[in-house]
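K.L.:
Got a structure for you, questions after.
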2 protein chains.
Amino acid sequence: MDDDAVFRALADASRRQLLDRLHRRNGQTLGELCEGLEMTRQAVAKHLAILEEANLVSFKRQGREKLHFINPVPINAIAERWISKFERGRLRALATLKKALEGEEP
Amino acid sequence: MDDDAVFRALADASRRQLLDRLHRRNGQTLGELCEGLEMTRQAVAKHLAILEEANLVSFKRQGREKLHFINPVPINAIAERWISKFERGRLRALATLKKALEGEEP
DNA sequence: CTTATAGGGAACCTATCGGTTACATGTCAA
DNA sequence: TTGACATGTAACCGATAGGTTCCCTATAAG
């Protein structure tokens with residue numbers, strides 16, 4: 001799994017919004033995902049392409065329509081990994097930070 | 001907490017690497033954080049400024065040195081939030097995705 | 001006091017990003 | 001078959017991101 005692609009994909013608010021929309025209703029077409037957004041269809045398609053490249057979204061052709069599906073695996077995997085990575089030592093880091101900001105040595 | 005700032009801060013691999021370094025050893029100076037990186041000190045300082053703006057890193061002046069401390073709160077908060085947000089419905093989304101990719105209707 | 005060290009600040013450069021407009025393709029429906 | 005509809009492709013554009021260079025300030029060390 002490509003961490004970098006996922007982080008870059010999530011860095012844009014419009015793309016996170018698209019994920020939200022798919023989360024609320026999965027399997028939407030490009031046209032549906034465009035509704036109410038202040039962006040051209042082409043811009044939305046580019047965002048979806050980036051989400052697809054990060055494997056956060058998959059799609060399926062259905063006639064002339066393109067149905068988009070959220071892929072919950074990478075986002076959860078990365079979040080879990082980062083949590084477990086920083087969780088060990090989290091309290092210690094917090095204490096260190098607090099002491100430092102108070103002007104003492106940890 | 002500003003989600004957008006955190007996501008944008010995490011989008012860059014160099015900044016994630018800086019967080020890693022601080023995670024391995026907290027309280028490092030700017031100079032220490034520069035060691036071994038193929039970047040100028042100014043570039044590293046810019047990255048740290050972005051991490052500070054996202055509240056992922058705090059610092060403390062000590063004489064002419066600047067000590068950097070990781071702040072574990074926002075990263076965990078966002079990760080937890082995204083996990084809980086997508087966790088409900090995760091299995092359903094996975095099943096939907098699988099069926100779609102197999103060419104059937106969910 | 002002088003000098004080396006740690007960091008700050010600003011101008012500048014280039015690649016990439018987010019977005020647009022214009023046009024092409026493919027598919028459904030009458 | 002003809003036209004409307006859903007999407008794809010490509011050229012282009014302004015803003016921003018990441019990085020550099022050059023110079024300045026402040027603290028420590030001799």
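Going through the structure tokens in order, the chains are called A, B, and so on, while each chain numbers its residues from 1 and the ligands are numbered from 1 in the order shown.
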For A:Gly31, please output as a PyMOL selection string all residues within 12 Å (counting only C-alpha atoms (C1' of nucleotides); exclusion window: fewer than 5 positions along the same chain).

P.N.:
(chain A and resi 36-37+39-45+48+64-68) or (chain D and resi 5-7)

K.L.:
Output C-alpha atoms (C1' of nucleotides) for every residue in the selection just made, as a tab-separated table (two decimals), in the first residue's frame.

P.N.:
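Output saved as result22.tsv:
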chain	number	residue	atom	x	y	z
A	36	GLY	CA	-24.22	20.84	-5.70
A	37	LEU	CA	-20.47	21.20	-5.99
A	39	MET	CA	-16.69	22.71	-9.63
A	40	THR	CA	-16.85	21.47	-13.17
A	41	ARG	CA	-17.44	17.80	-13.84
A	42	GLN	CA	-13.89	17.53	-15.15
A	43	ALA	CA	-12.45	18.83	-11.89
A	44	VAL	CA	-14.46	16.28	-9.92
A	45	ALA	CA	-13.31	13.53	-12.28
A	48	LEU	CA	-11.87	10.91	-8.22
A	64	ARG	CA	-22.42	4.94	-20.06
A	65	GLU	CA	-22.31	5.55	-16.34
A	66	LYS	CA	-19.44	5.12	-13.91
A	67	LEU	CA	-20.37	3.97	-10.43
A	68	HIS	CA	-17.97	4.87	-7.62
D	5	DC	C1'	-26.84	12.32	-22.26
D	6	DA	C1'	-22.66	10.51	-19.42
D	7	DT	C1'	-18.11	10.48	-19.51

K.L.:
With 9 Å as the cut-off and only C-alpha atoms (C1' of nucleotides) counted, what is the closest atom pair between each nearby residue of chain C and chain B? Distances in Å to one decimal, ordered by chain and number, as JSON lines.

P.N.:
{"residue": "C:DT5", "atom": "C1'", "partner": "B:Arg64", "partner_atom": "CA", "distance": 8.8}
{"residue": "C:DA6", "atom": "C1'", "partner": "B:Arg64", "partner_atom": "CA", "distance": 5.6}
{"residue": "C:DG7", "atom": "C1'", "partner": "B:Arg64", "partner_atom": "CA", "distance": 7.0}

K.L.:
Selected residues, C-alpha atoms (C1' of nucleotides), written as a CSV table (one decimal), in the first residue's frame, please.

P.N.:
chain,number,residue,atom,x,y,z
C,5,DT,C1',27.3,29.0,16.1
C,6,DA,C1',22.1,28.5,15.9
C,7,DG,C1',18.5,30.2,14.0

K.L.:
Would you give me, as a PyMOL selection string, the residues of chain D that come within 9 Å of chain B, using only C-alpha atoms (C1' of nucleotides)?

P.N.:
chain D and resi 18-20+26-28

K.L.:
As JSON, numbers by chain, please: every residue in stretch 25-100 of chain B that a backbone DSSP assignment puts in strand (DSSP E or B).

P.N.:
{"B": [28, 29, 57, 58, 59, 60, 61, 62, 65, 66, 67, 68, 69, 70]}

K.L.:
Write the selection just made, keeping all heavy atoms, as a tab-separated table (two decimals), in the first residue's frame?

P.N.:
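selection11.tsv, written as the output of this step:
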chain	number	residue	atom	x	y	z
B	28	GLN	N	14.41	17.57	19.96
B	28	GLN	CA	15.60	17.86	19.16
B	28	GLN	C	15.62	19.31	18.67
B	28	GLN	O	14.58	19.92	18.47
B	28	GLN	CB	15.68	16.92	17.96
B	28	GLN	CG	15.86	15.46	18.33
B	28	GLN	CD	16.08	14.59	17.10
B	28	GLN	OE1	17.07	14.73	16.40
B	28	GLN	NE2	15.14	13.69	16.84
B	29	THR	N	16.83	19.81	18.48
B	29	THR	CA	16.99	21.16	17.93
B	29	THR	C	16.83	21.12	16.41
B	29	THR	O	16.82	20.05	15.79
B	29	THR	CB	18.39	21.72	18.24
B	29	THR	OG1	19.36	20.96	17.49
B	29	THR	CG2	18.71	21.59	19.72
B	57	VAL	N	3.51	19.84	16.23
B	57	VAL	CA	4.80	20.01	16.88
B	57	VAL	C	4.78	21.34	17.63
B	57	VAL	O	4.22	22.32	17.12
B	57	VAL	CB	5.94	20.01	15.83
B	57	VAL	CG1	7.21	20.60	16.40
B	57	VAL	CG2	6.19	18.60	15.32
B	58	SER	N	5.35	21.34	18.82
B	58	SER	CA	5.53	22.58	19.56
B	58	SER	C	7.01	22.77	19.80
B	58	SER	O	7.79	21.85	19.61
B	58	SER	CB	4.79	22.54	20.89
B	58	SER	OG	3.41	22.36	20.69
B	59	PHE	N	7.40	23.98	20.20
B	59	PHE	CA	8.83	24.18	20.43
B	59	PHE	C	9.04	25.06	21.65
B	59	PHE	O	8.11	25.70	22.16
B	59	PHE	CB	9.50	24.82	19.21
B	59	PHE	CG	8.99	26.20	18.92
B	59	PHE	CD1	9.66	27.31	19.44
B	59	PHE	CD2	7.88	26.40	18.13
B	59	PHE	CE1	9.20	28.59	19.17
B	59	PHE	CE2	7.41	27.67	17.88
B	59	PHE	CZ	8.07	28.77	18.39
B	60	LYS	N	10.28	25.07	22.08
B	60	LYS	CA	10.66	25.84	23.25
B	60	LYS	C	12.04	26.41	22.96
B	60	LYS	O	12.94	25.68	22.54
B	60	LYS	CB	10.73	24.91	24.47
B	60	LYS	CG	11.24	25.56	25.72
B	60	LYS	CD	11.70	24.48	26.70
B	60	LYS	CE	12.39	25.10	27.90
B	60	LYS	NZ	13.07	24.05	28.69
B	61	ARG	N	12.19	27.70	23.17
B	61	ARG	CA	13.50	28.32	22.98
B	61	ARG	C	14.38	27.97	24.17
B	61	ARG	O	13.96	28.01	25.33
B	61	ARG	CB	13.39	29.83	22.89
B	61	ARG	CG	12.50	30.32	21.79
B	61	ARG	CD	13.19	31.45	21.08
B	61	ARG	NE	14.41	30.96	20.48
B	61	ARG	CZ	14.54	30.75	19.18
B	61	ARG	NH1	13.54	30.98	18.38
B	61	ARG	NH2	15.68	30.31	18.71
B	62	GLN	N	15.64	27.65	23.87
B	62	GLN	CA	16.60	27.42	24.95
B	62	GLN	C	17.90	28.09	24.52
B	62	GLN	O	18.67	27.50	23.74
B	62	GLN	CB	16.82	25.93	25.20
B	62	GLN	CG	17.69	25.65	26.39
B	62	GLN	CD	17.76	24.18	26.72
B	62	GLN	OE1	18.40	23.41	25.99
B	62	GLN	NE2	17.08	23.77	27.78
B	65	GLU	N	19.14	27.96	20.90
B	65	GLU	CA	18.61	26.75	20.28
B	65	GLU	C	17.08	26.70	20.37
B	65	GLU	O	16.47	27.34	21.22
B	65	GLU	CB	19.20	25.51	20.95
B	65	GLU	CG	20.70	25.39	20.73
B	65	GLU	CD	21.24	24.11	21.35
B	65	GLU	OE1	20.72	23.71	22.41
B	65	GLU	OE2	22.19	23.53	20.79
B	66	LYS	N	16.51	25.91	19.47
B	66	LYS	CA	15.05	25.75	19.44
B	66	LYS	C	14.75	24.27	19.57
B	66	LYS	O	15.09	23.49	18.68
B	66	LYS	CB	14.51	26.30	18.12
B	66	LYS	CG	13.00	26.33	18.01
B	66	LYS	CD	12.58	26.95	16.67
B	66	LYS	CE	11.07	26.98	16.54
B	66	LYS	NZ	10.66	27.52	15.23
B	67	LEU	N	14.16	23.88	20.66
B	67	LEU	CA	13.85	22.48	20.90
B	67	LEU	C	12.45	22.16	20.40
B	67	LEU	O	11.51	22.89	20.69
B	67	LEU	CB	13.96	22.16	22.39
B	67	LEU	CG	15.27	22.58	23.06
B	67	LEU	CD1	15.29	22.16	24.53
B	67	LEU	CD2	16.47	21.98	22.32
B	68	HIS	N	12.33	21.05	19.67
B	68	HIS	CA	11.05	20.69	19.08
B	68	HIS	C	10.45	19.47	19.77
B	68	HIS	O	11.15	18.49	20.01
B	68	HIS	CB	11.22	20.40	17.58
B	68	HIS	CG	11.68	21.59	16.81
B	68	HIS	ND1	12.99	21.99	16.79
B	68	HIS	CD2	11.00	22.50	16.06
B	68	HIS	CE1	13.11	23.08	16.03
B	68	HIS	NE2	11.92	23.40	15.58
B	69	PHE	N	9.16	19.56	20.04
B	69	PHE	CA	8.45	18.48	20.73
B	69	PHE	C	7.23	18.07	19.94
B	69	PHE	O	6.48	18.92	19.45
B	69	PHE	CB	8.04	18.93	22.13
B	69	PHE	CG	9.19	19.30	23.01
B	69	PHE	CD1	9.67	20.60	23.03
B	69	PHE	CD2	9.81	18.34	23.79
B	69	PHE	CE1	10.75	20.94	23.83
B	69	PHE	CE2	10.89	18.67	24.59
B	69	PHE	CZ	11.37	19.98	24.61
B	70	ILE	N	7.06	16.77	19.81
B	70	ILE	CA	5.90	16.26	19.09
B	70	ILE	C	4.66	16.40	19.96
B	70	ILE	O	4.72	16.26	21.18
B	70	ILE	CB	6.14	14.78	18.70
B	70	ILE	CG1	5.22	14.36	17.58
B	70	ILE	CG2	5.99	13.88	19.91
B	70	ILE	CD1	5.62	13.02	17.00

K.L.:
Once chain B is fitted onto chain A by least squares over all its in-order Cα atoms, send the moved chain as a compact mmCIF listing (two decimals) with N, CA and C atoms, in the first residue's frame.

P.N.:
# COMPACT_ATOMS: atom_id res chain seq x y z
N MET B 1 0.81 -1.18 0.00
CA MET B 1 -0.03 0.04 -0.01
C MET B 1 0.86 1.30 0.00
N ASP B 2 0.50 2.24 -0.80
CA ASP B 2 1.31 3.43 -0.95
C ASP B 2 0.83 4.55 -0.02
N ASP B 3 1.50 4.63 1.11
CA ASP B 3 1.16 5.65 2.09
C ASP B 3 1.09 7.05 1.48
N ASP B 4 2.11 7.35 0.70
CA ASP B 4 2.22 8.71 0.19
C ASP B 4 1.00 9.07 -0.64
N ALA B 5 0.58 8.17 -1.52
CA ALA B 5 -0.59 8.44 -2.36
C ALA B 5 -1.82 8.70 -1.50
N VAL B 6 -1.99 7.90 -0.44
CA VAL B 6 -3.15 8.07 0.42
C VAL B 6 -3.12 9.42 1.13
N PHE B 7 -1.96 9.75 1.71
CA PHE B 7 -1.86 11.02 2.42
C PHE B 7 -2.10 12.20 1.48
N ARG B 8 -1.51 12.12 0.30
CA ARG B 8 -1.71 13.23 -0.65
C ARG B 8 -3.16 13.31 -1.08
N ALA B 9 -3.78 12.14 -1.27
CA ALA B 9 -5.18 12.14 -1.69
C ALA B 9 -6.07 12.76 -0.61
N LEU B 10 -5.74 12.49 0.64
CA LEU B 10 -6.56 12.99 1.74
C LEU B 10 -6.27 14.45 2.06
N ALA B 11 -5.21 15.00 1.46
CA ALA B 11 -4.79 16.36 1.82
C ALA B 11 -5.76 17.42 1.31
N ASP B 12 -6.59 17.07 0.34
CA ASP B 12 -7.48 18.06 -0.25
C ASP B 12 -8.89 17.95 0.30
N ALA B 13 -9.44 19.09 0.69
CA ALA B 13 -10.76 19.11 1.33
C ALA B 13 -11.85 18.62 0.38
N SER B 14 -11.74 18.97 -0.89
CA SER B 14 -12.75 18.52 -1.86
C SER B 14 -12.77 17.01 -1.95
N ARG B 15 -11.59 16.42 -1.91
CA ARG B 15 -11.54 14.95 -2.00
C ARG B 15 -12.09 14.31 -0.73
N ARG B 16 -11.80 14.90 0.41
CA ARG B 16 -12.38 14.35 1.65
C ARG B 16 -13.90 14.47 1.60
N GLN B 17 -14.38 15.57 0.99
CA GLN B 17 -15.83 15.73 0.86
C GLN B 17 -16.42 14.67 -0.05
N LEU B 18 -15.71 14.34 -1.12
CA LEU B 18 -16.19 13.29 -2.01
C LEU B 18 -16.26 11.96 -1.27
N LEU B 19 -15.26 11.68 -0.46
CA LEU B 19 -15.29 10.46 0.34
C LEU B 19 -16.50 10.48 1.28
N ASP B 20 -16.77 11.64 1.86
CA ASP B 20 -17.95 11.77 2.73
C ASP B 20 -19.22 11.42 1.96
N ARG B 21 -19.34 11.97 0.78
CA ARG B 21 -20.54 11.71 -0.03
C ARG B 21 -20.69 10.23 -0.33
N LEU B 22 -19.57 9.60 -0.70
CA LEU B 22 -19.64 8.17 -0.99
C LEU B 22 -19.92 7.37 0.28
N HIS B 23 -19.47 7.90 1.40
CA HIS B 23 -19.74 7.22 2.65
C HIS B 23 -21.23 7.29 2.98
N ARG B 24 -21.82 8.44 2.69
CA ARG B 24 -23.26 8.58 2.94
C ARG B 24 -24.06 7.72 1.98
N ARG B 25 -23.64 7.69 0.71
CA ARG B 25 -24.32 6.83 -0.27
C ARG B 25 -23.30 6.29 -1.24
N ASN B 26 -23.12 5.01 -1.19
CA ASN B 26 -22.09 4.34 -1.99
C ASN B 26 -22.62 4.10 -3.40
N GLY B 27 -21.71 3.98 -4.35
CA GLY B 27 -22.09 3.60 -5.70
C GLY B 27 -22.63 4.71 -6.57
N GLN B 28 -22.31 5.95 -6.25
CA GLN B 28 -22.83 7.08 -7.03
C GLN B 28 -22.07 7.26 -8.35
N THR B 29 -22.78 7.80 -9.32
CA THR B 29 -22.15 8.10 -10.61
C THR B 29 -21.39 9.42 -10.51
N LEU B 30 -20.58 9.66 -11.54
CA LEU B 30 -19.84 10.93 -11.59
C LEU B 30 -20.79 12.11 -11.54
N GLY B 31 -21.85 12.04 -12.34
CA GLY B 31 -22.83 13.13 -12.37
C GLY B 31 -23.43 13.40 -11.02
N GLU B 32 -23.80 12.32 -10.32
CA GLU B 32 -24.38 12.48 -8.98
C GLU B 32 -23.39 13.13 -8.03
N LEU B 33 -22.15 12.71 -8.13
CA LEU B 33 -21.13 13.26 -7.23
C LEU B 33 -20.86 14.73 -7.52
N CYS B 34 -21.21 15.18 -8.73
CA CYS B 34 -20.97 16.57 -9.09
C CYS B 34 -22.05 17.50 -8.55
N GLU B 35 -23.25 16.94 -8.34
CA GLU B 35 -24.38 17.78 -7.95
C GLU B 35 -24.10 18.63 -6.73
N GLY B 36 -24.35 19.93 -6.86
CA GLY B 36 -24.22 20.83 -5.72
C GLY B 36 -22.80 21.29 -5.46
N LEU B 37 -21.84 20.75 -6.20
CA LEU B 37 -20.45 21.18 -6.01
C LEU B 37 -20.14 22.35 -6.94
N GLU B 38 -19.36 23.29 -6.42
CA GLU B 38 -19.00 24.45 -7.24
C GLU B 38 -17.72 24.16 -8.00
N MET B 39 -17.83 23.17 -8.86
CA MET B 39 -16.68 22.71 -9.63
C MET B 39 -17.22 22.11 -10.91
N THR B 40 -16.41 22.10 -11.93
CA THR B 40 -16.83 21.44 -13.17
C THR B 40 -16.75 19.93 -12.99
N ARG B 41 -17.46 19.23 -13.87
CA ARG B 41 -17.41 17.77 -13.85
C ARG B 41 -15.98 17.27 -14.02
N GLN B 42 -15.23 17.95 -14.88
CA GLN B 42 -13.85 17.51 -15.13
C GLN B 42 -12.98 17.61 -13.88
N ALA B 43 -13.20 18.66 -13.11
CA ALA B 43 -12.44 18.81 -11.86
C ALA B 43 -12.76 17.67 -10.91
N VAL B 44 -14.06 17.36 -10.78
CA VAL B 44 -14.46 16.26 -9.90
C VAL B 44 -13.85 14.95 -10.39
N ALA B 45 -13.86 14.76 -11.70
CA ALA B 45 -13.30 13.53 -12.26
C ALA B 45 -11.82 13.41 -11.91
N LYS B 46 -11.11 14.55 -11.96
CA LYS B 46 -9.69 14.52 -11.59
C LYS B 46 -9.52 14.11 -10.13
N HIS B 47 -10.34 14.68 -9.26
CA HIS B 47 -10.26 14.32 -7.84
C HIS B 47 -10.52 12.84 -7.66
N LEU B 48 -11.54 12.33 -8.35
CA LEU B 48 -11.85 10.91 -8.21
C LEU B 48 -10.71 10.05 -8.73
N ALA B 49 -10.05 10.52 -9.79
CA ALA B 49 -8.92 9.76 -10.32
C ALA B 49 -7.81 9.66 -9.27
N ILE B 50 -7.59 10.75 -8.55
CA ILE B 50 -6.56 10.74 -7.51
C ILE B 50 -6.95 9.80 -6.37
N LEU B 51 -8.24 9.81 -6.02
CA LEU B 51 -8.72 8.89 -4.98
C LEU B 51 -8.58 7.44 -5.44
N GLU B 52 -8.85 7.22 -6.73
CA GLU B 52 -8.71 5.86 -7.26
C GLU B 52 -7.25 5.42 -7.23
N GLU B 53 -6.37 6.35 -7.60
CA GLU B 53 -4.94 6.03 -7.63
C GLU B 53 -4.45 5.66 -6.23
N ALA B 54 -5.04 6.28 -5.22
CA ALA B 54 -4.67 5.97 -3.83
C ALA B 54 -5.42 4.74 -3.33
N ASN B 55 -6.23 4.17 -4.20
CA ASN B 55 -7.00 2.98 -3.85
C ASN B 55 -8.03 3.25 -2.75
N LEU B 56 -8.46 4.50 -2.66
CA LEU B 56 -9.49 4.85 -1.68
C LEU B 56 -10.88 4.69 -2.29
N VAL B 57 -10.94 4.67 -3.61
CA VAL B 57 -12.21 4.56 -4.33
C VAL B 57 -12.00 3.62 -5.51
N SER B 58 -12.98 2.76 -5.75
CA SER B 58 -12.96 1.93 -6.95
C SER B 58 -14.20 2.26 -7.76
N PHE B 59 -14.22 1.81 -9.01
CA PHE B 59 -15.40 2.12 -9.81
C PHE B 59 -15.76 0.94 -10.69
N LYS B 60 -16.96 1.02 -11.23
CA LYS B 60 -17.47 -0.03 -12.09
C LYS B 60 -18.25 0.65 -13.20
N ARG B 61 -17.96 0.28 -14.42
CA ARG B 61 -18.71 0.85 -15.55
C ARG B 61 -20.07 0.18 -15.61
N GLN B 62 -21.10 1.00 -15.86
CA GLN B 62 -22.43 0.43 -16.07
C GLN B 62 -23.04 1.20 -17.23
N GLY B 63 -22.96 0.61 -18.41
CA GLY B 63 -23.39 1.34 -19.60
C GLY B 63 -22.54 2.56 -19.78
N ARG B 64 -23.17 3.71 -19.90
CA ARG B 64 -22.38 4.94 -20.07
C ARG B 64 -22.09 5.59 -18.73
N GLU B 65 -22.54 4.97 -17.66
CA GLU B 65 -22.32 5.55 -16.34
C GLU B 65 -21.13 4.89 -15.64
N LYS B 66 -20.58 5.63 -14.69
CA LYS B 66 -19.44 5.12 -13.92
C LYS B 66 -19.83 5.17 -12.45
N LEU B 67 -19.96 4.02 -11.84
CA LEU B 67 -20.36 3.96 -10.44
C LEU B 67 -19.13 3.92 -9.55
N HIS B 68 -19.15 4.75 -8.50
CA HIS B 68 -17.98 4.86 -7.62
C HIS B 68 -18.26 4.23 -6.26
N PHE B 69 -17.29 3.47 -5.79
CA PHE B 69 -17.44 2.78 -4.50
C PHE B 69 -16.26 3.10 -3.61
N ILE B 70 -16.56 3.40 -2.36
CA ILE B 70 -15.51 3.69 -1.41
C ILE B 70 -14.82 2.40 -0.99
N ASN B 71 -13.51 2.50 -0.81
CA ASN B 71 -12.74 1.35 -0.33
C ASN B 71 -12.23 1.66 1.07
N PRO B 72 -12.82 1.05 2.08
CA PRO B 72 -12.52 1.44 3.46
C PRO B 72 -11.20 0.89 3.98
N VAL B 73 -10.53 0.05 3.21
CA VAL B 73 -9.35 -0.63 3.76
C VAL B 73 -8.17 0.30 4.00
N PRO B 74 -7.71 1.04 2.99
CA PRO B 74 -6.46 1.78 3.19
C PRO B 74 -6.57 2.87 4.26
N ILE B 75 -7.67 3.57 4.26
CA ILE B 75 -7.81 4.64 5.24
C ILE B 75 -7.75 4.10 6.66
N ASN B 76 -8.43 2.97 6.88
CA ASN B 76 -8.39 2.38 8.21
C ASN B 76 -7.01 1.84 8.54
N ALA B 77 -6.39 1.23 7.54
CA ALA B 77 -5.08 0.65 7.79
C ALA B 77 -4.09 1.72 8.23
N ILE B 78 -4.08 2.83 7.48
CA ILE B 78 -3.13 3.89 7.81
C ILE B 78 -3.45 4.51 9.17
N ALA B 79 -4.73 4.76 9.40
CA ALA B 79 -5.12 5.37 10.68
C ALA B 79 -4.70 4.47 11.83
N GLU B 80 -5.00 3.17 11.68
CA GLU B 80 -4.63 2.21 12.74
C GLU B 80 -3.12 2.22 12.96
N ARG B 81 -2.40 2.21 11.84
CA ARG B 81 -0.95 2.13 11.94
C ARG B 81 -0.38 3.36 12.65
N TRP B 82 -0.91 4.54 12.26
CA TRP B 82 -0.40 5.76 12.88
C TRP B 82 -0.76 5.84 14.34
N ILE B 83 -1.95 5.38 14.65
CA ILE B 83 -2.34 5.40 16.05
C ILE B 83 -1.44 4.50 16.87
N SER B 84 -1.27 3.26 16.39
CA SER B 84 -0.46 2.33 17.19
C SER B 84 0.99 2.80 17.25
N LYS B 85 1.41 3.47 16.19
CA LYS B 85 2.79 3.95 16.16
C LYS B 85 3.02 5.03 17.21
N PHE B 86 2.08 5.96 17.28
CA PHE B 86 2.28 7.08 18.18
C PHE B 86 1.66 6.84 19.55
N GLU B 87 0.82 5.81 19.63
CA GLU B 87 0.14 5.59 20.91
C GLU B 87 1.12 5.19 21.99
N ARG B 88 2.03 4.27 21.60
CA ARG B 88 3.09 3.93 22.54
C ARG B 88 3.96 5.17 22.71
N GLY B 89 4.02 5.68 23.88
CA GLY B 89 4.79 6.87 24.12
C GLY B 89 3.98 8.14 24.03
N ARG B 90 2.68 7.97 23.82
CA ARG B 90 1.83 9.15 23.68
C ARG B 90 1.78 9.93 24.99
N LEU B 91 1.51 9.24 26.07
CA LEU B 91 1.42 9.91 27.37
C LEU B 91 2.77 10.52 27.74
N ARG B 92 3.82 9.77 27.45
CA ARG B 92 5.15 10.30 27.75
C ARG B 92 5.41 11.58 26.95
N ALA B 93 5.07 11.54 25.65
CA ALA B 93 5.27 12.71 24.81
C ALA B 93 4.47 13.90 25.33
N LEU B 94 3.25 13.60 25.75
CA LEU B 94 2.40 14.67 26.28
C LEU B 94 3.04 15.30 27.52
N ALA B 95 3.54 14.44 28.40
CA ALA B 95 4.16 14.95 29.63
C ALA B 95 5.40 15.78 29.30
N THR B 96 6.22 15.25 28.37
CA THR B 96 7.42 15.97 27.95
C THR B 96 7.05 17.34 27.39
N LEU B 97 6.05 17.33 26.52
CA LEU B 97 5.61 18.57 25.90
C LEU B 97 5.16 19.57 26.95
N LYS B 98 4.37 19.08 27.89
CA LYS B 98 3.83 19.97 28.92
C LYS B 98 4.96 20.60 29.74
N LYS B 99 5.89 19.74 30.14
CA LYS B 99 7.00 20.25 30.93
C LYS B 99 7.81 21.27 30.15
N ALA B 100 8.04 20.96 28.87
CA ALA B 100 8.83 21.88 28.05
C ALA B 100 8.14 23.23 27.96
N LEU B 101 6.84 23.19 27.75
CA LEU B 101 6.10 24.44 27.61
C LEU B 101 6.06 25.20 28.93
N GLU B 102 6.20 24.46 30.03
CA GLU B 102 6.22 25.13 31.34
C GLU B 102 7.62 25.65 31.67
N GLY B 103 8.56 25.33 30.84
CA GLY B 103 9.90 25.88 31.02
C GLY B 103 10.81 25.03 31.86
N GLU B 104 10.46 23.76 32.09
CA GLU B 104 11.32 22.89 32.87
C GLU B 104 11.95 21.83 31.96
N GLU B 105 12.89 21.15 32.50
CA GLU B 105 13.47 20.03 31.77
C GLU B 105 12.68 18.75 32.05
N PRO B 106 12.45 17.94 31.04
CA PRO B 106 11.69 16.70 31.22
C PRO B 106 12.41 15.71 32.11

K.L.:
Name the residues in contact with D:DG30 at a cut-off of 12 Å, using only C-alpha atoms (C1' of nucleotides), excluding same-chain residues fewer than 4 positions from it; report them as a ChimeraX atom specification.

P.N.:
/C:1-4

K.L.:
So that I can see what lies close to stretch 10-13 of chain C, please list as JSON, numbers by chain the residues with an atom at most 10 Å from it, counting only C-alpha atoms (C1' of nucleotides) and leaving out residues fewer than 2 positions away in the same chain.

P.N.:
{"C": [8, 15], "D": [19, 20, 21, 22, 23]}

K.L.:
List every residue of stretch 11-90 of chain A that DSSP, applied to the backbone, labels as alpha helix (DSSP H), and write the result as an NGL selection string.

P.N.:
:A and (13-24 or 30-34 or 41-53 or 72-87 or 90)
